[in-house]
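Listing of target_17.pdb; format and content: PDB, C-alpha atoms.
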ATOM      1  CA  MET H 214      32.661 117.352 -46.388  1.00  0.00           C
ATOM      2  CA  CYS H 215      30.302 114.555 -47.350  1.00  0.00           C
ATOM      3  CA  ALA H 216      26.876 115.465 -45.969  1.00  0.00           C
ATOM      4  CA  ARG H 217      24.721 113.189 -48.107  1.00  0.00           C
ATOM      5  CA  TYR H 218      24.850 109.617 -49.290  1.00  0.00           C
ATOM      6  CA  LYS H 219      22.325 107.234 -50.755  1.00  0.00           C
ATOM      7  CA  VAL H 220      21.075 103.672 -50.691  1.00  0.00           C
ATOM      8  CA  GLU H 221      19.101 103.100 -53.878  1.00  0.00           C
ATOM      9  CA  ASP H 222      15.518 101.970 -53.455  1.00  0.00           C
ATOM     10  CA  ASP H 223      16.169  98.856 -55.542  1.00  0.00           C
ATOM     11  CA  PHE H 224      18.844  97.759 -53.062  1.00  0.00           C
ATOM     12  CA  LEU H 225      16.132  95.837 -51.255  1.00  0.00           C
ATOM     13  CA  GLU H 226      15.829  93.682 -54.390  1.00  0.00           C
ATOM     14  CA  TYR H 227      19.499  92.665 -54.555  1.00  0.00           C
ATOM     15  CA  GLY H 228      20.656  93.571 -51.049  1.00  0.00           C
ATOM     16  CA  ASN H 229      20.675  90.058 -49.677  1.00  0.00           C
ATOM     17  CA  GLN H 230      23.158  89.107 -52.393  1.00  0.00           C
ATOM     18  CA  THR H 231      25.448  91.898 -51.201  1.00  0.00           C
ATOM     19  CA  LEU H 232      25.039  90.990 -47.542  1.00  0.00           C
ATOM     20  CA  ALA H 233      25.350  87.234 -48.075  1.00  0.00           C
ATOM     21  CA  ALA H 234      29.133  87.587 -47.791  1.00  0.00           C
ATOM     22  CA  PHE H 235      28.525  88.885 -44.267  1.00  0.00           C
ATOM     23  CA  ASP H 236      26.087  86.083 -43.352  1.00  0.00           C
ATOM     24  CA  LEU H 237      23.333  88.700 -43.090  1.00  0.00           C
ATOM     25  CA  GLN H 238      19.895  89.022 -44.583  1.00  0.00           C
ATOM     26  CA  ILE H 239      17.478  91.938 -44.788  1.00  0.00           C
ATOM     27  CA  THR H 240      13.964  91.357 -43.544  1.00  0.00           C
ATOM     28  CA  PRO H 241      10.983  93.494 -44.640  1.00  0.00           C
ATOM     29  CA  GLY H 242      10.838  96.788 -42.759  1.00  0.00           C
ATOM     30  CA  GLN H 243      14.340  96.391 -41.309  1.00  0.00           C
ATOM     31  CA  PHE H 244      16.231  98.683 -43.682  1.00  0.00           C
ATOM     32  CA  SER H 245      15.438 102.170 -44.996  1.00  0.00           C
ATOM     33  CA  THR H 246      16.559 103.316 -48.434  1.00  0.00           C
ATOM     34  CA  GLY H 247      16.849 106.709 -50.084  1.00  0.00           C
ATOM     35  CA  ASP H 248      18.975 109.747 -49.234  1.00  0.00           C
ATOM     36  CA  PHE H 249      20.680 109.994 -45.849  1.00  0.00           C
ATOM     37  CA  TYR H 250      21.677 113.281 -44.220  1.00  0.00           C
ATOM     38  CA  PRO H 251      23.268 114.247 -40.863  1.00  0.00           C
ATOM     39  CA  THR H 252      21.167 113.194 -37.830  1.00  0.00           C
ATOM     40  CA  TYR H 253      19.245 110.664 -39.965  1.00  0.00           C
ATOM     41  CA  ASN H 254      18.945 107.119 -38.680  1.00  0.00           C
ATOM     42  CA  VAL H 255      21.084 104.696 -40.685  1.00  0.00           C
ATOM     43  CA  ILE H 256      21.992 101.031 -40.495  1.00  0.00           C
ATOM     44  CA  THR H 257      25.561 100.054 -39.659  1.00  0.00           C
ATOM     45  CA  LEU H 258      27.324  96.711 -39.936  1.00  0.00           C
ATOM     46  CA  ARG H 259      29.349  95.646 -36.902  1.00  0.00           C
ATOM     47  CA  LEU H 260      31.170  92.624 -35.586  1.00  0.00           C
ATOM     48  CA  ASP H 261      29.915  91.423 -32.205  1.00  0.00           C
ATOM     49  CA  ALA H 262      31.996  89.840 -29.423  1.00  0.00           C
ATOM     50  CA  SER H 263      31.928  86.482 -31.220  1.00  0.00           C
ATOM     51  CA  GLU H 264      33.094  88.087 -34.496  1.00  0.00           C
ATOM     52  CA  GLN H 265      29.666  87.675 -36.123  1.00  0.00           C
ATOM     53  CA  TRP H 266      28.220  90.433 -38.287  1.00  0.00           C
ATOM     54  CA  THR H 267      25.178  92.321 -37.020  1.00  0.00           C
ATOM     55  CA  LEU H 268      23.003  95.128 -38.404  1.00  0.00           C
ATOM     56  CA  GLN H 269      22.773  97.974 -35.905  1.00  0.00           C
ATOM     57  CA  PRO H 270      20.627 101.142 -36.190  1.00  0.00           C
ATOM     58  CA  SER H 271      22.645 104.308 -35.593  1.00  0.00           C
ATOM     59  CA  THR H 272      22.312 108.072 -36.060  1.00  0.00           C
ATOM     60  CA  TRP H 273      24.705 109.853 -38.425  1.00  0.00           C
ATOM     61  CA  GLY H 274      26.719 112.371 -36.417  1.00  0.00           C
ATOM     62  CA  LEU H 275      28.854 111.024 -33.589  1.00  0.00           C
ATOM     63  CA  VAL H 276      28.177 111.972 -29.973  1.00  0.00           C
ATOM     64  CA  PRO H 277      30.849 110.551 -27.637  1.00  0.00           C
ATOM     65  CA  SER H 278      29.872 109.147 -24.258  1.00  0.00           C
ATOM     66  CA  SER H 279      31.665 112.087 -22.623  1.00  0.00           C
ATOM     67  CA  TRP H 280      29.558 114.779 -24.327  1.00  0.00           C
ATOM     68  CA  ARG H 281      27.501 116.994 -22.030  1.00  0.00           C
ATOM     69  CA  PRO H 282      25.007 119.738 -22.943  1.00  0.00           C
ATOM     70  CA  SER H 283      25.534 123.288 -21.735  1.00  0.00           C
ATOM     71  CA  LYS H 284      24.214 124.416 -18.357  1.00  0.00           C
ATOM     72  CA  ASP H 285      21.577 126.443 -20.195  1.00  0.00           C
ATOM     73  CA  ALA H 286      20.051 123.261 -21.639  1.00  0.00           C
ATOM     74  CA  THR H 287      17.806 122.180 -18.791  1.00  0.00           C
ATOM     75  CA  SER H 288      14.858 120.595 -20.613  1.00  0.00           C
ATOM     76  CA  SER H 289      14.791 117.497 -22.801  1.00  0.00           C
ATOM     77  CA  VAL H 290      13.902 119.689 -25.793  1.00  0.00           C
ATOM     78  CA  ASP H 291      16.938 121.928 -25.206  1.00  0.00           C
ATOM     79  CA  ILE H 292      19.281 118.970 -24.752  1.00  0.00           C
ATOM     80  CA  ILE H 293      18.128 117.228 -27.922  1.00  0.00           C
ATOM     81  CA  LYS H 294      18.429 120.488 -29.874  1.00  0.00           C
ATOM     82  CA  GLU H 295      22.003 121.028 -28.653  1.00  0.00           C
ATOM     83  CA  ARG H 296      22.880 117.409 -29.308  1.00  0.00           C
ATOM     84  CA  LYS H 297      21.686 117.594 -32.902  1.00  0.00           C
ATOM     85  CA  ARG H 298      23.624 120.810 -33.435  1.00  0.00           C
ATOM     86  CA  PHE H 299      26.740 119.041 -32.142  1.00  0.00           C
ATOM     87  CA  GLN H 300      26.063 116.022 -34.349  1.00  0.00           C
ATOM     88  CA  ARG H 301      25.833 118.064 -37.544  1.00  0.00           C
ATOM     89  CA  GLU H 302      29.467 119.060 -37.040  1.00  0.00           C
ATOM     90  CA  LYS H 303      30.606 115.478 -36.352  1.00  0.00           C
ATOM     91  CA  ILE H 304      29.629 113.612 -39.517  1.00  0.00           C
ATOM     92  CA  ASN H 305      33.086 113.178 -41.113  1.00  0.00           C
ATOM     93  CA  ALA H 306      36.402 112.171 -39.554  1.00  0.00           C
ATOM     94  CA  ARG H 307      39.772 112.186 -41.300  1.00  0.00           C
ATOM     95  CA  SER H 308      40.984 108.602 -41.571  1.00  0.00           C
ATOM     96  CA  GLU H 309      44.588 109.777 -41.266  1.00  0.00           C
ATOM     97  CA  THR H 310      44.099 111.217 -37.770  1.00  0.00           C
ATOM     98  CA  ALA H 311      40.942 109.578 -36.385  1.00  0.00           C
ATOM     99  CA  HIS H 312      43.011 107.591 -33.880  1.00  0.00           C
ATOM    100  CA  THR H 313      44.485 110.724 -32.271  1.00  0.00           C
ATOM    101  CA  THR H 314      41.753 113.370 -32.613  1.00  0.00           C
ATOM    102  CA  TRP H 315      38.881 114.089 -30.186  1.00  0.00           C
ATOM    103  CA  PRO H 316      36.265 112.713 -30.158  1.00  0.00           C
ATOM    104  CA  TRP H 317      37.054 109.986 -32.673  1.00  0.00           C
ATOM    105  CA  LYS H 318      40.040 108.533 -30.814  1.00  0.00           C
ATOM    106  CA  PHE H 319      37.843 107.041 -28.079  1.00  0.00           C
ATOM    107  CA  SER H 320      36.014 104.914 -30.649  1.00  0.00           C
ATOM    108  CA  PHE H 321      38.853 104.036 -32.983  1.00  0.00           C
ATOM    109  CA  LYS H 322      40.351 101.085 -31.113  1.00  0.00           C
ATOM    110  CA  THR H 323      37.248  98.954 -30.618  1.00  0.00           C
ATOM    111  CA  GLN H 324      34.153 100.748 -31.963  1.00  0.00           C
ATOM    112  CA  ARG H 325      34.562 100.559 -35.722  1.00  0.00           C
ATOM    113  CA  CYS H 326      31.660  99.846 -38.077  1.00  0.00           C
ATOM    114  CA  LEU H 327      30.544 100.182 -41.691  1.00  0.00           C
ATOM    115  CA  MET H 328      27.936 102.421 -43.298  1.00  0.00           C
ATOM    116  CA  LEU H 329      26.265 100.829 -46.316  1.00  0.00           C
ATOM    117  CA  ALA H 330      25.894 103.047 -49.405  1.00  0.00           C
ATOM    118  CA  THR H 331      25.332 102.898 -53.140  1.00  0.00           C
ATOM    119  CA  SER H 332      26.512 106.466 -53.864  1.00  0.00           C
ATOM    120  CA  PHE H 333      27.618 109.712 -52.229  1.00  0.00           C
ATOM    121  CA  PHE H 334      27.415 113.418 -53.016  1.00  0.00           C
ATOM    122  CA  GLU H 335      29.867 116.313 -52.892  1.00  0.00           C
ATOM    123  CA  PRO H 336      29.622 119.953 -54.056  1.00  0.00           C
ATOM    124  CA  HIS H 337      30.208 120.096 -57.830  1.00  0.00           C
ATOM    125  CA  ILE H 338      32.836 122.419 -59.233  1.00  0.00           C
ATOM    126  CA  ASP H 339      30.173 124.001 -61.488  1.00  0.00           C
ATOM    127  CA  GLY H 340      27.577 124.362 -58.743  1.00  0.00           C
ATOM    128  CA  GLY H 341      24.953 121.913 -57.606  1.00  0.00           C
ATOM    129  CA  GLN H 342      26.149 118.495 -56.522  1.00  0.00           C
ATOM    130  CA  ALA H 343      28.360 115.749 -57.885  1.00  0.00           C
ATOM    131  CA  HIS H 344      26.770 112.305 -57.519  1.00  0.00           C
ATOM    132  CA  TYR H 345      29.416 109.573 -57.319  1.00  0.00           C
ATOM    133  CA  ARG H 346      28.867 105.828 -57.571  1.00  0.00           C
ATOM    134  CA  LEU H 347      30.769 102.722 -58.569  1.00  0.00           C
ATOM    135  CA  SER H 348      30.793 102.044 -62.297  1.00  0.00           C
ATOM    136  CA  ASP H 349      28.799  98.821 -61.907  1.00  0.00           C
ATOM    137  CA  HIS H 350      26.361 100.554 -59.515  1.00  0.00           C
ATOM    138  CA  ARG H 351      26.954  97.952 -56.804  1.00  0.00           C
ATOM    139  CA  ALA H 352      26.790  98.785 -53.122  1.00  0.00           C
ATOM    140  CA  PHE H 353      29.895  99.596 -51.072  1.00  0.00           C
ATOM    141  CA  PHE H 354      30.821 100.191 -47.458  1.00  0.00           C
ATOM    142  CA  ILE H 355      32.138 103.357 -45.813  1.00  0.00           C
ATOM    143  CA  PRO H 356      34.358 102.713 -42.756  1.00  0.00           C
ATOM    144  CA  ALA H 357      32.905 104.481 -39.722  1.00  0.00           C
ATOM    145  CA  LEU H 358      33.171 104.781 -35.941  1.00  0.00           C
ATOM    146  CA  TRP H 359      30.345 104.479 -33.444  1.00  0.00           C
ATOM    147  CA  ALA H 360      29.633 105.601 -29.882  1.00  0.00           C
ATOM    148  CA  SER H 361      26.864 105.303 -27.293  1.00  0.00           C
ATOM    149  CA  TRP H 362      25.636 108.245 -25.247  1.00  0.00           C
ATOM    150  CA  GLU H 363      23.127 108.482 -22.408  1.00  0.00           C
ATOM    151  CA  SER H 364      21.460 111.333 -20.548  1.00  0.00           C
ATOM    152  CA  LYS H 365      20.203 111.367 -16.980  1.00  0.00           C
ATOM    153  CA  VAL H 366      17.393 113.731 -17.955  1.00  0.00           C
ATOM    154  CA  GLU H 367      13.963 112.170 -18.329  1.00  0.00           C
ATOM    155  CA  GLY H 368      12.639 112.301 -21.868  1.00  0.00           C
ATOM    156  CA  VAL H 369      16.050 112.077 -23.532  1.00  0.00           C
ATOM    157  CA  ASP H 370      16.585 108.598 -24.965  1.00  0.00           C
ATOM    158  CA  PRO H 371      20.020 106.941 -25.205  1.00  0.00           C
ATOM    159  CA  LEU H 372      21.720 107.532 -28.543  1.00  0.00           C
ATOM    160  CA  ASP H 373      23.801 105.238 -30.729  1.00  0.00           C
ATOM    161  CA  SER H 374      25.646 107.373 -33.291  1.00  0.00           C
ATOM    162  CA  CYS H 375      28.328 107.104 -35.971  1.00  0.00           C
ATOM    163  CA  VAL H 376      30.761 109.117 -38.085  1.00  0.00           C
ATOM    164  CA  MET H 377      32.131 108.191 -41.524  1.00  0.00           C
ATOM    165  CA  LEU H 378      35.849 108.207 -42.333  1.00  0.00           C
ATOM    166  CA  THR H 379      37.161 110.289 -45.222  1.00  0.00           C
ATOM    167  CA  THR H 380      40.345 110.220 -47.277  1.00  0.00           C
ATOM    168  CA  GLU H 381      42.046 112.255 -49.997  1.00  0.00           C
ATOM    169  CA  ALA H 382      40.004 112.671 -53.171  1.00  0.00           C
ATOM    170  CA  ASN H 383      40.870 110.406 -56.087  1.00  0.00           C
ATOM    171  CA  ASP H 384      41.442 111.884 -59.554  1.00  0.00           C
ATOM    172  CA  LEU H 385      37.755 111.843 -60.505  1.00  0.00           C
ATOM    173  CA  VAL H 386      36.560 113.543 -57.338  1.00  0.00           C
ATOM    174  CA  ARG H 387      39.465 115.995 -57.342  1.00  0.00           C
ATOM    175  CA  THR H 388      38.583 117.301 -60.806  1.00  0.00           C
ATOM    176  CA  THR H 389      34.811 117.497 -60.354  1.00  0.00           C
ATOM    177  CA  ARG H 390      34.146 118.672 -56.795  1.00  0.00           C
ATOM    178  CA  SER H 391      34.661 122.048 -55.128  1.00  0.00           C
ATOM    179  CA  GLY H 392      35.810 122.820 -51.605  1.00  0.00           C
ATOM    180  CA  ARG H 393      37.878 120.392 -49.585  1.00  0.00           C
ATOM    181  CA  LEU H 394      39.372 117.711 -51.804  1.00  0.00           C
ATOM    182  CA  ARG H 395      38.136 114.849 -49.664  1.00  0.00           C
ATOM    183  CA  GLN H 396      35.786 111.904 -50.135  1.00  0.00           C
ATOM    184  CA  PRO H 397      34.480 108.981 -48.077  1.00  0.00           C
ATOM    185  CA  VAL H 398      36.682 105.917 -47.808  1.00  0.00           C
ATOM    186  CA  VAL H 399      35.166 103.170 -49.986  1.00  0.00           C
ATOM    187  CA  LEU H 400      35.491  99.441 -49.263  1.00  0.00           C
ATOM    188  CA  THR H 401      34.056  96.664 -51.435  1.00  0.00           C
ATOM    189  CA  ASP H 402      36.004  93.558 -50.385  1.00  0.00           C
ATOM    190  CA  PRO H 403      34.305  91.651 -47.496  1.00  0.00           C
ATOM    191  CA  ASP H 404      37.728  90.638 -46.183  1.00  0.00           C
ATOM    192  CA  ASP H 405      38.792  94.289 -46.003  1.00  0.00           C
ATOM    193  CA  CYS H 406      35.521  95.086 -44.224  1.00  0.00           C
ATOM    194  CA  ARG H 407      36.182  92.367 -41.661  1.00  0.00           C
ATOM    195  CA  SER H 408      39.771  93.505 -41.148  1.00  0.00           C
ATOM    196  CA  TYR H 409      38.562  97.042 -40.506  1.00  0.00           C
ATOM    197  CA  CYS H 410      35.913  96.079 -37.946  1.00  0.00           C
ATOM    198  CA  SER H 411      37.735  93.250 -36.189  1.00  0.00           C
ATOM    199  CA  THR H 412      39.025  93.968 -32.699  1.00  0.00           C
ATOM    200  CA  ASP H 413      42.090  91.899 -33.602  1.00  0.00           C
ATOM    201  CA  SER H 414      43.322  95.193 -35.039  1.00  0.00           C
ATOM    202  CA  THR H 415      43.532  98.077 -32.599  1.00  0.00           C
ATOM    203  CA  GLU H 416      46.299 100.242 -34.036  1.00  0.00           C
ATOM    204  CA  HIS H 417      45.962 102.724 -36.884  1.00  0.00           C
ATOM    205  CA  SER H 418      49.072 101.318 -38.557  1.00  0.00           C
ATOM    206  CA  GLN H 419      47.298  97.960 -38.967  1.00  0.00           C
ATOM    207  CA  LEU H 420      44.447  99.561 -40.906  1.00  0.00           C
ATOM    208  CA  ALA H 421      45.999 102.528 -42.720  1.00  0.00           C
ATOM    209  CA  GLN H 422      46.271 100.675 -46.055  1.00  0.00           C
ATOM    210  CA  LEU H 423      42.474 100.385 -46.161  1.00  0.00           C
ATOM    211  CA  PHE H 424      42.058 104.163 -46.178  1.00  0.00           C
ATOM    212  CA  ALA H 425      43.617 104.820 -49.588  1.00  0.00           C
ATOM    213  CA  PRO H 426      41.301 106.547 -52.110  1.00  0.00           C
ATOM    214  CA  CYS H 427      39.383 104.097 -54.274  1.00  0.00           C
ATOM    215  CA  ASP H 428      40.407 103.787 -57.932  1.00  0.00           C
ATOM    216  CA  ALA H 429      38.940 106.637 -59.974  1.00  0.00           C
ATOM    217  CA  ASP H 430      38.546 104.321 -62.968  1.00  0.00           C
ATOM    218  CA  CYS H 431      35.983 102.289 -60.995  1.00  0.00           C
ATOM    219  CA  MET H 432      33.722 105.316 -60.393  1.00  0.00           C
ATOM    220  CA  THR H 433      31.335 107.513 -62.340  1.00  0.00           C
ATOM    221  CA  VAL H 434      30.005 110.997 -61.612  1.00  0.00           C
ATOM    222  CA  GLU H 435      26.751 112.730 -62.513  1.00  0.00           C
ATOM    223  CA  HIS H 436      26.310 116.495 -62.239  1.00  0.00           C
ATOM    224  CA  VAL H 437      23.096 117.267 -60.370  1.00  0.00           C
ATOM    225  CA  ALA H 438      22.291 120.915 -61.019  1.00  0.00           C
ATOM    226  CA  LYS H 439      20.501 123.095 -58.494  1.00  0.00           C
ATOM    227  CA  LYS H 440      16.761 123.242 -59.043  1.00  0.00           C
TER     228      LYS H 440
END
Take the structure I supplied and represent it as structure tokens, if you would.
Amino acid sequence: MCARYKVEDDFLEYGNQTLAAFDLQITPGQFSTGDFYPTYNVITLRLDASEQWTLQPSTWGLVPSSWRPSKDATSSVDIIKERKRFQREKINARSETAHTTWPWKFSFKTQRCLMLATSFFEPHIDGGQAHYRLSDHRAFFIPALWASWESKVEGVDPLDSCVMLTTEANDLVRTTRSGRLRQPVVLTDPDDCRSYCSTDSTEHSQLAQLFAPCDADCMTVEHVAKK
């Protein structure tokens, strides 16, 4: 399970070059960098109704519109606590079955987005964490799904949330990580990003080729030992 990814601080220096292919620009204060964990606010890229790219704030950990807190959660504090607990278990979705599995299937047809990253982390086979990035250290995009949720309880704000898609581990990840041999899907081609997010595609079979593991030869890994 990927529970941490990163956008390098210096991305703000070259980020507009990366986003130029999407006709987007970063303005000061619009984008946070650093390490991102479950329930953190992140920025997603989406296509709007006119097929134009937009930057949309979202919270990592998907809460579907149908989610309801337990009957014991009567206050706004209780509801938010339960919601965050739910979110922490909904940060990764298998790309192979996202179109048929609850709660991802409700978002798969028309609510697809991208999570911007420069690296991601997995448990290292020798303990600590394995820090993976592209060999040229450029940014990439993780296919994701998004959902909107609202509560009728006063004091609980509406939530826009997302979940990243994972795939089988490539050779580098498979030989250096422990646990489940999975990794985030990685996209670098703007055309592939558009194909993934476009509502012209609604069936899994139209997108499945995008979910193949990225080439291990294009990645590097650093062992980050426990402190």
Kindly indicate which residue among H:Arg390, H:Arg259, H:Lys284, H:His337 lies nearest to Ser408 of chain H, using only C-alpha atoms for the distances.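 Smallest separation from Ser408 of chain H among the options: H:Arg259.
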Excluding Trp317 of chain H and residues on its chain fewer than 3 positions from it, collect all residues at most 10 Å away from it, counting all atoms listed in the file, and give them as a compact mmCIF listing (two decimals) with C-alpha atoms, in the frame of the given file.
# COMPACT_ATOMS: atom_id res chain seq x y z
CA LEU H 275 28.85 111.02 -33.59
CA VAL H 276 28.18 111.97 -29.97
CA PRO H 277 30.85 110.55 -27.64
CA LYS H 303 30.61 115.48 -36.35
CA ASN H 305 33.09 113.18 -41.11
CA ALA H 306 36.40 112.17 -39.55
CA ARG H 307 39.77 112.19 -41.30
CA SER H 308 40.98 108.60 -41.57
CA THR H 310 44.10 111.22 -37.77
CA ALA H 311 40.94 109.58 -36.38
CA HIS H 312 43.01 107.59 -33.88
CA THR H 313 44.48 110.72 -32.27
CA THR H 314 41.75 113.37 -32.61
CA SER H 320 36.01 104.91 -30.65
CA PHE H 321 38.85 104.04 -32.98
CA LYS H 322 40.35 101.08 -31.11
CA GLN H 324 34.15 100.75 -31.96
CA ALA H 357 32.90 104.48 -39.72
CA LEU H 358 33.17 104.78 -35.94
CA TRP H 359 30.34 104.48 -33.44
CA ALA H 360 29.63 105.60 -29.88
CA CYS H 375 28.33 107.10 -35.97
CA VAL H 376 30.76 109.12 -38.08
CA LEU H 378 35.85 108.21 -42.33
For Met214 of chain H: contacts at 7 Å, all atoms listed in the file, fewer than 2 positions along chain excluded, given as a PDB file with C-alpha atoms, in the frame of the given file:
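Output contents, as saved in selection34.pdb:
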ATOM      1  CA  ALA H 216      26.876 115.465 -45.969  1.00  0.00           C
ATOM      2  CA  ASN H 305      33.086 113.178 -41.113  1.00  0.00           C
ATOM      3  CA  ARG H 393      37.878 120.392 -49.585  1.00  0.00           C
ATOM      4  CA  ARG H 395      38.136 114.849 -49.664  1.00  0.00           C
TER       5      ARG H 395
END
query = Suppose you want the space between atom CA of Lys318 of chain H and atom CA of Val255 of chain H; what is it in Å?
reply =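 The value is 21.7 Å.
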Compute the distance from (18.2, 101.4, -42.1) to each atom, counting all atoms listed in the file, keep the residues with any atom at most 8 Å away, and return them as a PDB file with C-alpha atoms, in the frame of the given file; use the coordinates of the file.
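Output file selection-v4.pdb is given in full below:
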ATOM      1  CA  GLN H 243      14.340  96.391 -41.309  1.00  0.00           C
ATOM      2  CA  PHE H 244      16.231  98.683 -43.682  1.00  0.00           C
ATOM      3  CA  SER H 245      15.438 102.170 -44.996  1.00  0.00           C
ATOM      4  CA  THR H 246      16.559 103.316 -48.434  1.00  0.00           C
ATOM      5  CA  ASN H 254      18.945 107.119 -38.680  1.00  0.00           C
ATOM      6  CA  VAL H 255      21.084 104.696 -40.685  1.00  0.00           C
ATOM      7  CA  ILE H 256      21.992 101.031 -40.495  1.00  0.00           C
ATOM      8  CA  THR H 257      25.561 100.054 -39.659  1.00  0.00           C
ATOM      9  CA  PRO H 270      20.627 101.142 -36.190  1.00  0.00           C
TER      10      PRO H 270
END
I would like the residues chosen by the PyMOL selection byres ((chain H and resi 387) around 12) on the shown file; could you give them as a ChimeraX atom specification?
/H:335-338,343,345,380-386,388-396,426,429,434
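Look at Pro371 of chain H: the protein and nucleic acid residues within 9 Å of it, using only C-alpha atoms and passing over chain neighbours fewer than 6 places away, are Ser361, Trp362, Glu363 and Ser364 of chain H.
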Pull the closest atom pair for each residue of segment 232-341 of chain H that gets at most 9 Å from segment 436-440 of chain H, along with the distance in Å to one decimal, counting only C-alpha atoms, ordering rows by chain and then ascending residue number, as a Markdown table.
| residue | atom | partner | partner_atom | distance |
| --- | --- | --- | --- | --- |
| H:His337 | CA | H:His436 | CA | 6.9 |
| H:Asp339 | CA | H:His436 | CA | 8.5 |
| H:Gly340 | CA | H:Ala438 | CA | 6.7 |
| H:Gly341 | CA | H:Ala438 | CA | 4.4 |
What separates atom CA of Cys215 of chain H and atom CA of Gly274 of chain H is a distance of 11.7 Å
- Among listed residues H:Glu435, H:Ser332, H:Trp273, H:Tyr409, nearest Gln422 of chain H (using only C-alpha atoms):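 When distances to Gln422 of chain H are compared using only C-alpha atoms, the smallest one comes from H:Tyr409.
Taking atom CA of Ala421 of chain H as the reference point, atom CA of Glu264 of chain H is found at 21.0 Å.
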**OP:** Starting from the shown file, work through the PyMOL selection byres ((chain H and resi 220) around 7) and note down what comes out as a VMD selection string.
**Re:** chain H and resid 219 221 to 222 224 246 to 248 330 to 332
| message | Residue by residue, what does the PyMOL selection byres ((chain H and resi 350) around 10) grab here? Present the result as JSON, numbers by chain. | response | {"H": [221, 331, 332, 345, 346, 347, 348, 349, 351, 352, 353, 431, 432, 433]}
Draw an axis-aligned box over all listed atoms of segment 393-402 of chain H, pad each side with 8 Å, and write its centre and edge lengths in Å, one decimal, as AutoDock Vina command-line options.
--center_x 36.7 --center_y 107.0 --center_z -49.8 --size_x 21.3 --size_y 42.8 --size_z 20.0
Of H:Phe235, H:Phe319, H:Phe354, H:Phe334, the one sitting nearest Leu260 of chain H when using only C-alpha atoms is H:Phe235
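Of the residues under consideration (H:Cys427, H:Cys410, H:Gly228, H:Thr401), H:Cys427 shows the shortest atom-to-atom contact distance to Thr379 of chain H when counting all atoms listed in the file.
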